Amino acid sequence: MSRQALRKTGVLLVNLGSPASTKIGDVRRFLREFLGDPRVVNLPRPLWWLILNLFILPFRPKKSAHAYRAIWTEQGSPLIVFTRRLAEKLAARLAGTDIQVEYAMRYGKPALAEKLAEFKQNGVEDIVVVPLYPQYSSTTTASIFDVVAEVFVGWRHLPSLRFIGEFHQHPAYIRAVADSVRAHWAEHGRADCLLMSFHGLPAKLTELGDPYFYQCQATAKRIAEQLDLAEDQWRLVFQSRFGRAEWLKPYCVEVLAELPTQGIRNIDVLCPGFSVDCLETLEEIAIANREIFLEAGGETYRYIPALNDSDAHVEVMQALIETAR
Ligand SMILES: C=CC1=C(C)c2cc3[nH]c(cc4nc(cc5[nH]c(cc1n2)c(C)c5CCC(=O)O)C(CCC(=O)O)=C4C)c(C)c3C=C
Ligand SMILES: [Fe+2]
Ligand SMILES: [Fe+2]
């Protein structure tokens with residue numbers, strides 16, 4: 001056996017994270033960590049600290065806790081449950097190889113730093129970090145890298161590191177998403193329009209060099225191509241606006257209110273920027289935004305689930321790891 005084959009590899013799937021529970025205190029703790037990250041909100045610190053502590057943390061946790069309660073499961077937050085199951089399935093697929101699979105969260109638990117420490121203890125020499133964000137953003141992907149770099153500062157013998165910065169048009173990912181849409185159509189029929197909704201960002205970040213906006217456009221275009229959709233059969237929108245600044249447009253909520261007035265009353269909604277279902281898809285898209293569309297005169301609104309812990313998603317992860325090794 002070659003020396004290379006004896007090296008132990010650790011694969012770490014990393015997602016955003018969720019509060020420990022739907023208690024307001026836990027939601028506040030989570031939002032403090034998340035919104036306190038300078039990659040997420042890049043305002044000067046004394047100013048943002050004041051805004052966060054005076055205007056956001058006293059109020060937002062109550063509203064967010066209410067939303068989390070609508071989607072929470074017996075096992076906990078859907079985002080964490082699906083991420084764990086995806087990692088477990090990937091580990092089962094790779095059983096008997098020299099690859100160990102773990103999952104971690106950028107905010108909250110299980111902590112990224114702790115999982116990296118576990119790899120170190122287990123003698124892992126090659127680490128593959130897979131942020132579960134198909135499109136790169138400084139607010140999400142880079143923030144994971146920051147933690148990895150920070151942890152490594154304290155290590156003397158560094159492992160080799162592969163960091164999967166994005167996979168927004170990886171053929172395996174586009175194929176898996178397109179197949180999930182076809183399967184949904186086969187079961188429920190096909191609507192007038194496929195609305196592809198991505199999490200938004202402050203618009204200014206694009207000017208500052210964040211490629212997220214362009215990567216979302218490319219992803220949506222590739223999916224539409226795979227599905228042979230004509231220009232008027234799909235739309236791209238951005239959801240989850242936070243605060244008063246201008247975010248990426250078009251805004252999901254505005255388009256949903258307009259579509260029925262343009263004669264589009266039946267839509268399928270897909271969120272290709274979310275690897276697994278979470279608050280933003282299960283509550284905002286599948287509950288709150290459905291109301292907006294139906295109140296505006298829409299008739300059918302079907303949310304197509306994320307890849308979650310499907311076999312197809314496990315295969316996407318395998319393809320990403322293969323490319324990285
Ligand atoms: C300035 C605020 C925010 C930026 C920038 C932002 C970028 C961003 N977020 C995701 C993915 C997710 N966000 C989620 C929840 C969430 N996002 C924000 C704010 C910003 N996101 C908040 C305040 C919250 C918490 C809930 C709320 O109070 O509204 C989630 C879901 C977490 C869960 O537990 O289910 C995901 C996933 C991306 C991909 C992104 C930039 C590209
Ligand atoms: Fe977010
Ligand atoms: Fe939201």
# chains A, B, ... in the order shown; residues from 1 in each chain; ligands from 1
call {"tool": "closest_atom_pairs", "arguments": {"of": "chain A", "to": "ligand 1", "cutoff": "6 Å", "atoms": "only C-alpha atoms and all ligand atoms", "output": "Markdown table"}}
result
| residue | atom | partner | partner_atom_place_in_ligand_line | distance |
| --- | --- | --- | --- | --- |
| A:Leu16 | CA | ligand 1 | 37 (C) | 5.8 |
| A:Gly17 | CA | ligand 1 | 34 (O) | 5.5 |
| A:Ser18 | CA | ligand 1 | 34 (O) | 3.6 |
| A:Val40 | CA | ligand 1 | 5 (C) | 4.8 |
| A:Val41 | CA | ligand 1 | 1 (C) | 5.2 |
| A:Ser64 | CA | ligand 1 | 28 (O) | 4.5 |
| A:Leu79 | CA | ligand 1 | 35 (O) | 5.1 |
| A:Ser137 | CA | ligand 1 | 42 (C) | 5.3 |
| A:Thr139 | CA | ligand 1 | 5 (C) | 5.7 |
| A:Thr140 | CA | ligand 1 | 41 (C) | 5.7 |
| A:His199 | CA | ligand 1 | 38 (C) | 5.3 |
| A:Leu201 | CA | ligand 1 | 5 (C) | 4.9 |
| A:Phe242 | CA | ligand 1 | 2 (C) | 5.6 |
| A:Cys278 | CA | ligand 1 | 35 (O) | 3.7 |
| A:Leu279 | CA | ligand 1 | 35 (O) | 3.8 |
| A:Glu280 | CA | ligand 1 | 31 (C) | 5.3 |
call {"tool": "write_last_selection", "arguments": {"atoms": "N, CA and C atoms", "output": "mmCIF file, in the first residue's frame"}}
result
data_model
loop_
_atom_site.group_PDB
_atom_site.id
_atom_site.type_symbol
_atom_site.label_atom_id
_atom_site.label_comp_id
_atom_site.auth_asym_id
_atom_site.auth_seq_id
_atom_site.Cartn_x
_atom_site.Cartn_y
_atom_site.Cartn_z
ATOM 1 N N LEU A 16 -24.932 26.430 8.665
ATOM 2 C CA LEU A 16 -25.011 27.692 9.403
ATOM 3 C C LEU A 16 -25.223 27.511 10.901
ATOM 4 N N GLY A 17 -26.206 26.638 11.247
ATOM 5 C CA GLY A 17 -26.535 26.447 12.663
ATOM 6 C C GLY A 17 -27.907 26.980 13.006
ATOM 7 N N SER A 18 -28.378 26.627 14.193
ATOM 8 C CA SER A 18 -29.708 27.003 14.686
ATOM 9 C C SER A 18 -29.607 27.218 16.185
ATOM 10 N N VAL A 40 -20.979 38.753 8.687
ATOM 11 C CA VAL A 40 -22.428 38.808 8.439
ATOM 12 C C VAL A 40 -22.912 40.250 8.403
ATOM 13 N N VAL A 41 -22.500 41.024 9.405
ATOM 14 C CA VAL A 41 -22.845 42.457 9.394
ATOM 15 C C VAL A 41 -21.543 43.224 9.543
ATOM 16 N N SER A 64 -38.463 35.544 15.955
ATOM 17 C CA SER A 64 -37.782 34.379 15.369
ATOM 18 C C SER A 64 -38.178 33.094 16.095
ATOM 19 N N LEU A 79 -32.708 22.103 10.156
ATOM 20 C CA LEU A 79 -31.387 22.326 9.537
ATOM 21 C C LEU A 79 -30.339 21.384 10.144
ATOM 22 N N SER A 137 -20.434 32.944 -0.621
ATOM 23 C CA SER A 137 -20.629 34.327 -0.168
ATOM 24 C C SER A 137 -19.643 34.614 0.956
ATOM 25 N N THR A 139 -20.365 36.261 3.423
ATOM 26 C CA THR A 139 -21.135 36.236 4.674
ATOM 27 C C THR A 139 -21.295 34.827 5.246
ATOM 28 N N THR A 140 -21.150 33.812 4.407
ATOM 29 C CA THR A 140 -21.377 32.437 4.857
ATOM 30 C C THR A 140 -20.107 31.592 4.723
ATOM 31 N N HIS A 199 -31.472 32.929 -0.773
ATOM 32 C CA HIS A 199 -31.328 33.855 0.365
ATOM 33 C C HIS A 199 -30.696 35.144 -0.162
ATOM 34 N N LEU A 201 -28.840 39.141 0.235
ATOM 35 C CA LEU A 201 -27.626 39.756 0.800
ATOM 36 C C LEU A 201 -27.755 41.262 0.643
ATOM 37 N N PHE A 242 -33.232 41.384 5.526
ATOM 38 C CA PHE A 242 -33.073 41.694 6.945
ATOM 39 C C PHE A 242 -32.606 43.142 7.071
ATOM 40 N N CYS A 278 -34.802 24.396 6.225
ATOM 41 C CA CYS A 278 -34.493 25.141 7.441
ATOM 42 C C CYS A 278 -35.584 26.191 7.647
ATOM 43 N N LEU A 279 -35.354 27.074 8.598
ATOM 44 C CA LEU A 279 -36.326 28.131 8.879
ATOM 45 C C LEU A 279 -36.701 28.910 7.619
ATOM 46 N N GLU A 280 -35.692 29.254 6.832
ATOM 47 C CA GLU A 280 -35.919 30.111 5.674
ATOM 48 C C GLU A 280 -36.749 29.455 4.560
#
call {"tool": "residues_around", "arguments": {"residues": "Asp98 (chain A)", "least_positions_apart": "6", "cutoff": "12 Å", "atoms": "only C-alpha atoms", "output": "ChimeraX atom specification"}}
result
/A:4-11,91,122-127
call {"tool": "residues_around", "arguments": {"residues": "Asn289 (chain A)", "least_positions_apart": "6", "cutoff": "10 Å", "atoms": "only C-alpha atoms", "output": "ChimeraX atom specification"}}
result
/A:239,252-253,256-257,281,283,295,301
call {"tool": "write_last_selection", "arguments": {"atoms": "N, CA and C atoms", "output": "mmCIF file, in the first residue's frame"}}
result
data_model
loop_
_atom_site.group_PDB
_atom_site.id
_atom_site.type_symbol
_atom_site.label_atom_id
_atom_site.label_comp_id
_atom_site.auth_asym_id
_atom_site.auth_seq_id
_atom_site.Cartn_x
_atom_site.Cartn_y
_atom_site.Cartn_z
ATOM 1 N N GLN A 239 -34.852 36.107 -1.218
ATOM 2 C CA GLN A 239 -35.730 36.148 -0.042
ATOM 3 C C GLN A 239 -34.977 36.619 1.192
ATOM 4 N N CYS A 252 -38.314 38.465 -3.339
ATOM 5 C CA CYS A 252 -39.271 37.358 -3.448
ATOM 6 C C CYS A 252 -40.702 37.814 -3.142
ATOM 7 N N VAL A 253 -40.868 38.537 -2.029
ATOM 8 C CA VAL A 253 -42.231 38.907 -1.605
ATOM 9 C C VAL A 253 -42.909 39.814 -2.632
ATOM 10 N N LEU A 256 -43.933 37.654 -5.709
ATOM 11 C CA LEU A 256 -45.083 36.793 -5.384
ATOM 12 C C LEU A 256 -46.394 37.573 -5.452
ATOM 13 N N ALA A 257 -46.346 38.838 -5.031
ATOM 14 C CA ALA A 257 -47.568 39.659 -5.062
ATOM 15 C C ALA A 257 -47.920 40.080 -6.488
ATOM 16 N N THR A 281 -36.685 28.135 4.475
ATOM 17 C CA THR A 281 -37.489 27.455 3.447
ATOM 18 C C THR A 281 -38.820 26.970 4.039
ATOM 19 N N GLU A 283 -40.441 27.822 6.893
ATOM 20 C CA GLU A 283 -41.351 28.821 7.470
ATOM 21 C C GLU A 283 -41.558 29.971 6.484
ATOM 22 N N GLU A 295 -52.996 35.345 -1.181
ATOM 23 C CA GLU A 295 -53.768 36.578 -0.941
ATOM 24 C C GLU A 295 -53.752 37.509 -2.143
ATOM 25 N N TYR A 301 -49.507 26.820 -5.005
ATOM 26 C CA TYR A 301 -48.153 27.202 -4.607
ATOM 27 C C TYR A 301 -47.544 25.961 -3.989
#
call {"tool": "closest_residue", "arguments": {"among": "A:Ala183, A:Leu43, A:Ala104, A:Ala67", "to": "ligand 3", "atoms": "only C-alpha atoms and all ligand atoms"}}
result
A:Ala67
call {"tool": "closest_residue", "arguments": {"among": "A:Ser240, A:Thr323, A:Thr73, A:Ser275", "to": "ligand 2", "atoms": "only C-alpha atoms and all ligand atoms"}}
result
A:Ser240
call {"tool": "residues_around", "arguments": {"residues": "Arg69 (chain A)", "least_positions_apart": "2", "cutoff": "12 Å", "atoms": "only C-alpha atoms", "output": "NGL selection string"}}
result
:A and (19 or 21-24 or 27 or 61-67 or 71-74 or 76-78 or 278-279 or 282-283)
call {"tool": "write_last_selection", "arguments": {"atoms": "C-alpha atoms", "output": "mmCIF file, in the first residue's frame"}}
result
data_model
loop_
_atom_site.group_PDB
_atom_site.id
_atom_site.type_symbol
_atom_site.label_atom_id
_atom_site.label_comp_id
_atom_site.auth_asym_id
_atom_site.auth_seq_id
_atom_site.Cartn_x
_atom_site.Cartn_y
_atom_site.Cartn_z
ATOM 1 C CA PRO A 19 -30.650 27.962 18.233
ATOM 2 C CA SER A 21 -34.140 25.345 21.381
ATOM 3 C CA THR A 22 -37.084 27.592 20.512
ATOM 4 C CA LYS A 23 -36.869 29.337 23.923
ATOM 5 C CA ILE A 24 -36.458 33.078 23.422
ATOM 6 C CA VAL A 27 -32.756 32.201 20.102
ATOM 7 C CA PRO A 61 -35.680 36.769 19.233
ATOM 8 C CA LYS A 62 -39.384 36.722 20.124
ATOM 9 C CA LYS A 63 -40.407 36.930 16.478
ATOM 10 C CA SER A 64 -37.782 34.379 15.369
ATOM 11 C CA ALA A 65 -38.668 31.975 18.214
ATOM 12 C CA HIS A 66 -42.283 32.038 17.039
ATOM 13 C CA ALA A 67 -41.167 31.196 13.493
ATOM 14 C CA ILE A 71 -41.013 24.168 11.993
ATOM 15 C CA TRP A 72 -39.225 22.572 15.001
ATOM 16 C CA THR A 73 -39.286 18.766 15.108
ATOM 17 C CA GLU A 74 -39.056 16.258 17.952
ATOM 18 C CA GLY A 76 -34.772 19.511 16.976
ATOM 19 C CA SER A 77 -34.047 22.075 14.273
ATOM 20 C CA PRO A 78 -34.655 20.752 10.728
ATOM 21 C CA CYS A 278 -34.493 25.141 7.441
ATOM 22 C CA LEU A 279 -36.326 28.131 8.879
ATOM 23 C CA LEU A 282 -39.972 25.707 5.765
ATOM 24 C CA GLU A 283 -41.351 28.821 7.470
#
call {"tool": "atom_distance", "arguments": {"atom1": "CA of Ala20 (chain A)", "atom2": "CA of Pro58 (chain A)"}}
result
18.3 Å
call {"tool": "residues_around", "arguments": {"residues": "region 224-236 of chain A", "least_positions_apart": "4", "cutoff": "10 Å", "atoms": "only C-alpha atoms", "output": "PyMOL selection string"}}
result
chain A and resi 174-175+177-179+181-182+191-198+216-220+249-252+255+264+267-271
call {"tool": "write_last_selection", "arguments": {"atoms": "C-alpha atoms", "output": "mmCIF file, in the first residue's frame"}}
result
data_model
loop_
_atom_site.group_PDB
_atom_site.id
_atom_site.type_symbol
_atom_site.label_atom_id
_atom_site.label_comp_id
_atom_site.auth_asym_id
_atom_site.auth_seq_id
_atom_site.Cartn_x
_atom_site.Cartn_y
_atom_site.Cartn_z
ATOM 1 C CA ILE A 174 -27.253 20.760 -10.915
ATOM 2 C CA ARG A 175 -28.327 17.261 -11.988
ATOM 3 C CA VAL A 177 -31.592 19.527 -8.135
ATOM 4 C CA ALA A 178 -33.062 19.183 -11.643
ATOM 5 C CA ASP A 179 -33.933 15.527 -10.924
ATOM 6 C CA VAL A 181 -37.819 19.029 -9.714
ATOM 7 C CA ARG A 182 -38.669 16.344 -12.290
ATOM 8 C CA ALA A 191 -47.093 24.664 -12.501
ATOM 9 C CA ASP A 192 -46.992 27.710 -14.853
ATOM 10 C CA CYS A 193 -43.710 28.922 -13.476
ATOM 11 C CA LEU A 194 -40.711 27.646 -11.488
ATOM 12 C CA LEU A 195 -39.737 30.330 -9.001
ATOM 13 C CA MET A 196 -36.137 29.878 -7.826
ATOM 14 C CA SER A 197 -35.616 31.687 -4.551
ATOM 15 C CA PHE A 198 -32.177 32.308 -3.011
ATOM 16 C CA CYS A 216 -27.059 32.434 -8.013
ATOM 17 C CA GLN A 217 -27.788 33.612 -11.578
ATOM 18 C CA ALA A 218 -25.548 30.887 -12.993
ATOM 19 C CA THR A 219 -27.102 28.159 -10.814
ATOM 20 C CA ALA A 220 -30.654 29.144 -11.785
ATOM 21 C CA LYS A 249 -33.319 42.140 -6.120
ATOM 22 C CA PRO A 250 -35.901 41.142 -7.220
ATOM 23 C CA TYR A 251 -37.383 40.637 -3.777
ATOM 24 C CA CYS A 252 -39.271 37.358 -3.448
ATOM 25 C CA VAL A 255 -42.628 39.112 -7.170
ATOM 26 C CA ILE A 264 -49.367 33.387 -13.313
ATOM 27 C CA ILE A 267 -46.170 28.182 -9.193
ATOM 28 C CA ASP A 268 -43.566 25.711 -8.023
ATOM 29 C CA VAL A 269 -41.017 27.181 -5.642
ATOM 30 C CA LEU A 270 -37.464 25.863 -5.439
ATOM 31 C CA CYS A 271 -34.670 27.108 -3.146
#
call {"tool": "closest_residue", "arguments": {"among": "A:Ala142, A:Leu35, A:Leu205, A:Ala117", "to": "ligand 2", "atoms": "only C-alpha atoms and all ligand atoms"}}
result
A:Leu35
call {"tool": "closest_residue", "arguments": {"among": "A:Phe145, A:Leu50, A:Tyr107, A:Arg45", "to": "Leu31 (chain A)", "atoms": "only C-alpha atoms"}}
result
A:Tyr107
call {"tool": "atom_distance", "arguments": {"atom1": "CA of Gly108 (chain A)", "atom2": "CA of Arg85 (chain A)"}}
result
17.8 Å
call {"tool": "closest_residue", "arguments": {"among": "A:Trp155, A:Trp48, A:Phe213, A:Phe238", "to": "ligand 3", "atoms": "only C-alpha atoms and all ligand atoms"}}
result
A:Phe238
call {"tool": "select_by_dssp", "arguments": {"residues": "region 36-110 of chain A", "states": "strand (DSSP E)", "output": "PyMOL selection string"}}
result
chain A and resi 99-105
call {"tool": "residues_around", "arguments": {"residues": "Ala149 (chain A)", "least_positions_apart": "6", "cutoff": "12 Å", "atoms": "only C-alpha atoms", "output": "VMD selection string"}}
result
chain A and resid 112 to 113 116 129 142 to 143 155 158 to 159 161 163
call {"tool": "atom_distance", "arguments": {"atom1": "CA of Pro44 (chain A)", "atom2": "CA of Asp26 (chain A)"}}
result
25.9 Å
call {"tool": "closest_residue", "arguments": {"among": "A:Gly165, A:Gly200, A:Pro38, A:Gly209", "to": "ligand 3", "atoms": "only C-alpha atoms and all ligand atoms"}}
result
A:Gly200
call {"tool": "residues_around", "arguments": {"residues": "region 306-311 of chain A", "least_positions_apart": "2", "cutoff": "6 Å", "atoms": "only C-alpha atoms", "output": "short mmCIF file (atom, residue, chain, number, x, y, z; two decimals) with C-alpha atoms, in the first residue's frame"}}
result
data_model
loop_
_atom_site.label_atom_id
_atom_site.label_comp_id
_atom_site.auth_asym_id
_atom_site.auth_seq_id
_atom_site.Cartn_x
_atom_site.Cartn_y
_atom_site.Cartn_z
CA PHE A 82 -31.05 17.05 7.97
CA ARG A 85 -28.59 12.62 8.57
CA LEU A 86 -26.74 13.67 5.43
CA SER A 275 -28.71 22.40 0.85
CA VAL A 276 -31.19 21.35 3.51
CA ASP A 277 -34.55 22.63 4.62
CA HIS A 313 -27.47 14.59 -2.13
CA VAL A 314 -25.09 11.98 -0.70
#
call {"tool": "decode", "arguments": {"residues": "region 5-46 of chain A", "atoms": "C-alpha atoms", "output": "JSON list (two decimals), in the first residue's frame"}}
result
[["chain", "number", "residue", "atom", "x", "y", "z"],
["A", 5, "ALA", "CA", -3.35, 5.42, 1.03],
["A", 6, "LEU", "CA", -2.57, 5.22, 4.76],
["A", 7, "ARG", "CA", -3.30, 8.89, 5.41],
["A", 8, "LYS", "CA", -6.49, 9.45, 7.33],
["A", 9, "THR", "CA", -8.97, 11.90, 5.80],
["A", 10, "GLY", "CA", -11.59, 13.83, 7.75],
["A", 11, "VAL", "CA", -14.57, 15.27, 5.86],
["A", 12, "LEU", "CA", -16.47, 17.98, 7.69],
["A", 13, "LEU", "CA", -19.87, 19.09, 6.40],
["A", 14, "VAL", "CA", -20.54, 22.56, 7.80],
["A", 15, "ASN", "CA", -23.84, 24.40, 7.92],
["A", 16, "LEU", "CA", -25.01, 27.69, 9.40],
["A", 17, "GLY", "CA", -26.53, 26.45, 12.66],
["A", 18, "SER", "CA", -29.71, 27.00, 14.69],
["A", 19, "PRO", "CA", -30.65, 27.96, 18.23],
["A", 20, "ALA", "CA", -30.37, 25.20, 20.88],
["A", 21, "SER", "CA", -34.14, 25.34, 21.38],
["A", 22, "THR", "CA", -37.08, 27.59, 20.51],
["A", 23, "LYS", "CA", -36.87, 29.34, 23.92],
["A", 24, "ILE", "CA", -36.46, 33.08, 23.42],
["A", 25, "GLY", "CA", -33.22, 33.08, 25.47],
["A", 26, "ASP", "CA", -31.67, 30.39, 23.25],
["A", 27, "VAL", "CA", -32.76, 32.20, 20.10],
["A", 28, "ARG", "CA", -31.24, 35.44, 21.46],
["A", 29, "ARG", "CA", -27.95, 33.65, 22.24],
["A", 30, "PHE", "CA", -27.85, 32.26, 18.70],
["A", 31, "LEU", "CA", -28.68, 35.61, 17.05],
["A", 32, "ARG", "CA", -26.05, 37.37, 19.19],
["A", 33, "GLU", "CA", -23.34, 35.01, 17.92],
["A", 34, "PHE", "CA", -24.58, 35.02, 14.31],
["A", 35, "LEU", "CA", -25.28, 38.74, 13.91],
["A", 36, "GLY", "CA", -22.14, 39.60, 15.90],
["A", 37, "ASP", "CA", -19.98, 38.01, 13.19],
["A", 38, "PRO", "CA", -18.31, 40.85, 11.20],
["A", 39, "ARG", "CA", -18.63, 38.70, 8.04],
["A", 40, "VAL", "CA", -22.43, 38.81, 8.44],
["A", 41, "VAL", "CA", -22.85, 42.46, 9.39],
["A", 42, "ASN", "CA", -19.90, 44.60, 8.41],
["A", 43, "LEU", "CA", -20.83, 47.90, 10.11],
["A", 44, "PRO", "CA", -18.24, 49.60, 12.34],
["A", 45, "ARG", "CA", -18.25, 47.76, 15.68],
["A", 46, "PRO", "CA", -19.27, 50.31, 18.30]]
